[in-house]
Amino acid sequence: MGGHHGEPYKVPHPSIYKVANVPQLVEVQEALGRQGLSDPWLRNEAWRYEKKAFGTHRSRLNAFLFRGLGVGFCAFLATIAVEYGLGIGKGQGGHGHGHDDKGHH
(Lines give C-alpha, C1' and ligand atoms only; values in the text may rest on other atoms or scores of the structure.)
Protein backbone atom coordinates (compact mmCIF):
# COMPACT_ATOMS: atom_id res chain seq x y z
CA MET A 1 0.00 0.00 0.00
CA GLY A 2 1.06 3.61 -0.26
CA GLY A 3 2.20 3.31 -3.86
CA HIS A 4 5.86 2.63 -3.10
CA HIS A 5 7.44 0.61 -5.87
CA GLY A 6 11.13 -0.14 -5.71
CA GLU A 7 13.42 2.63 -4.49
CA PRO A 8 12.02 5.64 -2.69
CA TYR A 9 12.16 8.92 -4.57
CA LYS A 10 15.56 10.59 -4.37
CA VAL A 11 15.62 14.36 -4.11
CA PRO A 12 18.18 15.73 -6.58
CA HIS A 13 21.08 17.70 -5.17
CA PRO A 14 20.55 21.46 -5.65
CA SER A 15 23.95 21.90 -7.28
CA ILE A 16 22.70 20.27 -10.50
CA TYR A 17 20.50 23.29 -11.19
CA LYS A 18 22.58 26.16 -12.54
CA VAL A 19 21.51 29.56 -13.84
CA ALA A 20 24.08 29.21 -16.64
CA ASN A 21 22.12 26.24 -18.06
CA VAL A 22 18.91 28.26 -18.48
CA PRO A 23 19.00 30.99 -21.16
CA GLN A 24 15.96 32.79 -19.72
CA LEU A 25 17.58 33.04 -16.30
CA VAL A 26 20.90 34.13 -17.79
CA GLU A 27 19.01 36.96 -19.48
CA VAL A 28 17.44 37.98 -16.15
CA GLN A 29 20.83 37.79 -14.42
CA GLU A 30 22.45 39.99 -17.10
CA ALA A 31 19.59 42.52 -16.97
CA LEU A 32 19.95 42.76 -13.20
CA GLY A 33 23.73 43.08 -13.56
CA ARG A 34 23.34 46.03 -15.94
CA GLN A 35 21.44 47.82 -13.19
CA GLY A 36 24.00 46.89 -10.53
CA LEU A 37 21.68 44.32 -8.95
CA SER A 38 21.83 40.58 -8.38
CA ASP A 39 19.37 37.93 -7.29
CA PRO A 40 20.96 35.41 -4.92
CA TRP A 41 17.84 33.23 -5.16
CA LEU A 42 17.74 33.02 -8.96
CA ARG A 43 19.20 29.51 -8.91
CA ASN A 44 16.08 28.37 -7.05
CA GLU A 45 14.07 28.95 -10.22
CA ALA A 46 16.31 26.83 -12.48
CA TRP A 47 14.46 23.57 -11.74
CA ARG A 48 11.34 24.96 -13.44
CA TYR A 49 13.17 24.99 -16.77
CA GLU A 50 14.34 21.35 -16.58
CA LYS A 51 12.55 20.02 -19.67
CA LYS A 52 13.42 16.37 -19.05
CA ALA A 53 11.74 16.30 -15.66
CA PHE A 54 8.95 18.82 -16.06
CA GLY A 55 8.44 19.35 -19.79
CA THR A 56 7.90 22.70 -21.43
CA HIS A 57 5.33 25.27 -20.35
CA ARG A 58 3.17 24.30 -23.33
CA SER A 59 3.34 20.56 -22.55
CA ARG A 60 2.38 21.19 -18.91
CA LEU A 61 -0.52 23.40 -20.01
CA ASN A 62 -1.74 20.77 -22.50
CA ALA A 63 -1.53 18.06 -19.85
CA PHE A 64 -3.50 20.24 -17.43
CA LEU A 65 -6.22 21.14 -19.93
CA PHE A 66 -6.66 17.82 -21.73
CA ARG A 67 -5.69 15.23 -19.11
CA GLY A 68 -9.15 13.65 -18.74
CA LEU A 69 -10.53 14.36 -22.19
CA GLY A 70 -10.28 10.77 -23.48
CA VAL A 71 -11.86 9.22 -20.39
CA GLY A 72 -14.57 11.89 -20.34
CA PHE A 73 -15.41 11.32 -24.00
CA CYS A 74 -15.63 7.54 -23.45
CA ALA A 75 -17.95 8.13 -20.48
CA PHE A 76 -20.07 10.42 -22.66
CA LEU A 77 -20.37 7.73 -25.35
CA ALA A 78 -21.20 5.07 -22.74
CA THR A 79 -23.93 7.31 -21.30
CA ILE A 80 -25.44 7.85 -24.75
CA ALA A 81 -25.32 4.09 -25.44
CA VAL A 82 -27.01 3.24 -22.12
CA GLU A 83 -29.71 5.89 -22.64
CA TYR A 84 -30.32 4.63 -26.16
CA GLY A 85 -30.45 1.00 -24.96
CA LEU A 86 -32.92 1.78 -22.18
CA GLY A 87 -35.04 4.02 -24.38
CA ILE A 88 -34.39 7.08 -22.24
CA GLY A 89 -34.52 10.43 -24.00
CA LYS A 90 -35.97 9.19 -27.27
CA GLY A 91 -38.01 11.76 -29.12
CA GLN A 92 -41.55 11.24 -27.85
CA GLY A 93 -43.28 14.13 -29.51
CA GLY A 94 -42.93 16.43 -26.53
CA HIS A 95 -44.47 13.94 -24.10
CA GLY A 96 -42.94 11.83 -21.38
CA HIS A 97 -40.36 14.25 -20.07
CA GLY A 98 -40.97 13.37 -16.45
CA HIS A 99 -44.18 15.43 -16.16
CA ASP A 100 -47.68 14.16 -15.71
CA ASP A 101 -49.43 15.18 -18.95
CA LYS A 102 -52.99 14.58 -17.65
CA GLY A 103 -55.13 17.68 -17.88
CA HIS A 104 -52.56 19.77 -19.70
CA HIS A 105 -53.89 20.05 -23.24
# chains A, B, ... in the order shown; residues from 1 in each chain; ligands from 1

call {"tool": "residues_around", "arguments": {"residues": "Gln24 of chain A", "least_positions_apart": "4", "cutoff": "10 Å", "atoms": "only C-alpha atoms", "output": "PyMOL selection string"}}
result
chain A and resi 19-20+28-29+46+49

call {"tool": "closest_residue", "arguments": {"among": "A:Leu37, A:Cys74, A:Arg60, A:Leu42", "to": "Leu25 of chain A", "atoms": "only C-alpha atoms"}}
result
A:Leu42

call {"tool": "atom_distance", "arguments": {"atom1": "atom CA of Leu69 of chain A", "atom2": "atom CA of His57 of chain A"}}
result
19.3 Å

call {"tool": "select_by_dssp", "arguments": {"residues": "segment 22-93 of chain A", "states": "alpha helix (DSSP H)", "output": "number ranges by chain"}}
result
A: 23-34, 51-54, 57-66, 69-86
